[in-house]
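**Student:** Quick one: this structure, given as structure tokens, is what I'll be asking you about.
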Amino acid sequence: MVKKYIKKDRVIPGFGLTMGITLFMLSFLILLPLLSVMVFSLKLTPHEFITLITKDNVINSFQTSILCSFLAAVVNCFFGIILAWVLVRYDFPGKRIMDGLIELPFALPTAVAGITLSKLYSDTGILGKPLAQLGFKVSYTKAGLLIALVFIGLPFVVRAIQPVLEKLDPQYEEAAYILGAGKIKTFLKVILPELRPALWTGFGLAFARGMGEYGSVIYISGNSAREKTQVISYVIMQKLNYVDYAGATAIALVMLIISFLILLVINMIQICQSRRTNFI
């Protein structure tokens, strides 16, 4: 018997052309810029490289960026779960508007966000003035930097968790209630394990975005070397302004390695969690 193969119509071209376009875009827009950073950094001797990245202002900026980005990602995980839960499980007037506002940090220019936040939390601002009267200074401190990073990182966590909650079957929760589990135990034993891979994804994206953020933090942080409020992206820009390409490239290479390690760890955790969930 001769089998007849029916050619299926495809909306986009076949595998050969689409794979070629994919490799072209990946190479010229992502791989080549990253490789250029590595090639330029390899021109530096190990002593020069270590000297450039171990300066006091560079180390302090790394510590500030990593610590504030980590804390902001943790805060975003906590509030991201709450926001995603409200948007998925409840119906209320203005729900679509709130859902759209979640993505405002994506559409809003980061410089505009930075200027707005620095003015809002300054000593004369609407929120900053009463806080200053209580003895809490926000603008031009690490607290202001943390607020800016929470602002730009929250959508990553919400959008990562929201689809999982939408697909989560409520019957699992009902079964837990029937077996005598309370609300907290049901969340920790039934809901949270399902959300964990998406939560790690949102955490990693928010953390990585915070590490490389520039526009929204450049104003509210104050960029003070004495107060240690300089972020690593500002130090890179400062070195470029002073035509210190070697220093900027060395720091950029370290940032590239850190970002790669963050994504690698998050992907490994996701794989392990997915295997555990599927096994169970």
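Letters A, B, ... mark the chains of the structure tokens in the order given; residue numbers begin at 1 per chain; ligand numbers begin at 1, in order shown.
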What's the 8 Å shell around Leu154 in chain A, counting only C-alpha atoms, without same-chain residues fewer than 2 positions away, as a PyMOL selection string?

**Tutor:** chain A and resi 73+76-77+79-80+102+150-152+156-158+206

**Student:** Next, the residues of the selection above should be written as a CSV table (one decimal), in the first residue's frame with all heavy atoms.

**Tutor:**
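Written output follows (out25.csv):
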chain,number,residue,atom,x,y,z
A,73,ALA,N,13.4,41.7,45.2
A,73,ALA,CA,12.8,40.5,44.6
A,73,ALA,C,12.1,39.7,45.6
A,73,ALA,O,11.0,39.1,45.3
A,73,ALA,CB,13.9,39.6,44.0
A,76,ASN,N,8.9,41.5,46.2
A,76,ASN,CA,8.0,41.3,45.1
A,76,ASN,C,7.3,40.0,45.1
A,76,ASN,O,6.2,39.8,44.6
A,76,ASN,CB,8.8,41.6,43.8
A,76,ASN,CG,8.9,43.0,43.5
A,76,ASN,OD1,8.1,43.9,43.8
A,76,ASN,ND2,10.0,43.4,42.8
A,77,CYS,N,8.1,39.0,45.5
A,77,CYS,CA,7.5,37.6,45.6
A,77,CYS,C,6.3,37.6,46.6
A,77,CYS,O,5.3,37.0,46.3
A,77,CYS,CB,8.6,36.6,46.1
A,77,CYS,SG,9.7,36.2,44.8
A,79,PHE,N,4.4,40.2,47.7
A,79,PHE,CA,3.2,41.0,47.3
A,79,PHE,C,2.7,40.5,45.9
A,79,PHE,O,1.6,40.7,45.5
A,79,PHE,CB,3.6,42.5,47.2
A,79,PHE,CG,3.7,43.1,48.5
A,79,PHE,CD1,4.9,43.4,49.1
A,79,PHE,CD2,2.6,43.4,49.3
A,79,PHE,CE1,5.1,44.0,50.3
A,79,PHE,CE2,2.7,44.0,50.5
A,79,PHE,CZ,3.9,44.3,51.1
A,80,GLY,N,3.6,39.9,45.1
A,80,GLY,CA,3.2,39.4,43.8
A,80,GLY,C,2.2,38.3,43.9
A,80,GLY,O,1.3,38.2,43.1
A,102,ILE,N,-0.7,46.8,36.4
A,102,ILE,CA,0.4,45.9,36.8
A,102,ILE,C,1.5,46.1,35.8
A,102,ILE,O,2.7,46.1,36.2
A,102,ILE,CB,0.0,44.5,36.9
A,102,ILE,CG1,-1.1,44.3,38.0
A,102,ILE,CG2,1.2,43.6,37.1
A,102,ILE,CD1,-0.5,44.6,39.4
A,150,VAL,N,11.5,47.6,43.6
A,150,VAL,CA,10.2,46.9,43.8
A,150,VAL,C,9.3,47.4,42.7
A,150,VAL,O,8.5,46.6,42.2
A,150,VAL,CB,9.7,47.2,45.2
A,150,VAL,CG1,8.2,46.7,45.3
A,150,VAL,CG2,10.5,46.5,46.3
A,151,PHE,N,9.3,48.6,42.4
A,151,PHE,CA,8.4,49.2,41.4
A,151,PHE,C,8.6,48.5,40.0
A,151,PHE,O,7.6,48.1,39.4
A,151,PHE,CB,8.6,50.7,41.3
A,151,PHE,CG,7.8,51.4,40.2
A,151,PHE,CD1,6.4,51.6,40.4
A,151,PHE,CD2,8.4,51.7,39.0
A,151,PHE,CE1,5.7,52.2,39.3
A,151,PHE,CE2,7.7,52.3,38.0
A,151,PHE,CZ,6.3,52.6,38.2
A,152,ILE,N,9.8,48.4,39.6
A,152,ILE,CA,10.1,47.9,38.3
A,152,ILE,C,10.1,46.3,38.2
A,152,ILE,O,10.0,45.8,37.2
A,152,ILE,CB,11.4,48.4,37.7
A,152,ILE,CG1,12.6,48.1,38.7
A,152,ILE,CG2,11.3,49.9,37.6
A,152,ILE,CD1,13.4,46.9,38.2
A,156,PHE,N,7.1,41.3,36.9
A,156,PHE,CA,7.6,40.0,36.5
A,156,PHE,C,7.1,38.9,37.4
A,156,PHE,O,6.8,37.8,36.9
A,156,PHE,CB,9.2,40.0,36.7
A,156,PHE,CG,9.9,40.9,35.7
A,156,PHE,CD1,10.2,42.2,36.0
A,156,PHE,CD2,10.1,40.5,34.4
A,156,PHE,CE1,10.9,43.0,35.1
A,156,PHE,CE2,10.8,41.3,33.5
A,156,PHE,CZ,11.1,42.6,33.8
A,157,VAL,N,6.9,39.1,38.7
A,157,VAL,CA,6.4,38.1,39.6
A,157,VAL,C,5.0,37.9,39.4
A,157,VAL,O,4.5,36.7,39.3
A,157,VAL,CB,6.7,38.5,41.1
A,157,VAL,CG1,6.2,37.4,42.0
A,157,VAL,CG2,8.2,38.8,41.3
A,158,VAL,N,4.2,38.9,39.2
A,158,VAL,CA,2.7,38.8,39.0
A,158,VAL,C,2.4,38.0,37.8
A,158,VAL,O,1.6,37.1,37.7
A,158,VAL,CB,2.1,40.1,39.0
A,158,VAL,CG1,0.6,40.0,38.7
A,158,VAL,CG2,2.2,40.8,40.4
A,206,ALA,N,13.0,39.3,38.3
A,206,ALA,CA,13.0,40.6,39.1
A,206,ALA,C,14.4,40.9,39.6
A,206,ALA,O,14.9,42.0,39.6
A,206,ALA,CB,12.0,40.5,40.2

**Student:** Taking the chain letters and numbering used in this document, name the residues of range 187-221 of chain A that DSSP puts in helix (DSSP H, G or I), as a list of chain:residue names.

**Tutor:** A:Phe187, A:Leu188, A:Lys189, A:Val190, A:Ile191, A:Leu192, A:Pro193, A:Glu194, A:Leu195, A:Arg196, A:Pro197, A:Ala198, A:Leu199, A:Trp200, A:Thr201, A:Gly202, A:Phe203, A:Gly204, A:Leu205, A:Ala206, A:Phe207, A:Ala208, A:Arg209, A:Gly210, A:Met211, A:Gly212

**Student:** Write out as an NGL selection string each polymer residue whose atoms come within 12 Å of Trp85 in chain A, counting only C-alpha atoms; drop sequence neighbours fewer than 5 positions from it.

**Tutor:** :A and (78-80 or 90-91 or 99 or 157-166 or 168 or 187 or 191-192 or 195)

**Student:** Between CA of Met38 in chain A and CA of Leu253 in chain A, what is the spacing in Å?

**Tutor:**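 If I compute the distance from CA of Leu253 in chain A to CA of Met38 in chain A, I get 6.5 Å.
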
**Student:** When you look at Met237 in chain A with a cut-off of 9 Å (counting only C-alpha atoms), what residues show up, excluding the ones that are within fewer than 5 positions of it in the same chain? I need them as an MDAnalysis selection string.

**Tutor:** chainID A and resid 232 242 248

**Student:** In Å to one decimal, how far is CA of Val58 in chain A from CA of Ala208 in chain A?

**Tutor:**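 CA of Val58 in chain A lies 18.1 Å from CA of Ala208 in chain A.
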
**Student:** Find the residue from A:Leu87, A:Ile115, A:Ser61, A:Ile257 that sits nearest to Leu34 in chain A; use only C-alpha atoms when measuring.

**Tutor:** A:Ile257

**Student:** Between A:Ile220, A:Phe24, A:Thr18, A:Ala250, which one has atoms that come closest to Glu48 in chain A, using only C-alpha atoms?

**Tutor:**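 With only C-alpha atoms as the atom set, the closest residue is A:Ala250.
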
**Student:** When you look at range 103-113 of chain A with a cut-off of 6 Å (counting only C-alpha atoms), what residues show up, excluding the ones that are within fewer than 6 positions of it in the same chain? I need them as a PyMOL selection string.

**Tutor:** chain A and resi 152+155+215-216

**Student:** From the set A:Thr249, A:Ile271, A:Ile266, A:Phe70, which residue has the shortest atom-to-atom contact distance to Val39 in chain A, counting only C-alpha atoms?

**Tutor:**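 Among A:Thr249, A:Ile271, A:Ile266, A:Phe70, it is A:Thr249 that comes nearest to Val39 in chain A.
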
**Student:** When you draw a straight line from CA of Leu199 in chain A to CA of Gln270 in chain A, how long is it in Å?

**Tutor:**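 Separation of CA of Leu199 in chain A and CA of Gln270 in chain A: 9.5 Å.
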
**Student:** Restricting the calculation to only C-alpha atoms, which member of A:Cys272, A:Leu263, A:Val243, A:Ile30 is positioned closest to Arg209 in chain A?

**Tutor:**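 With only C-alpha atoms as the atom set, the closest residue is A:Leu263.
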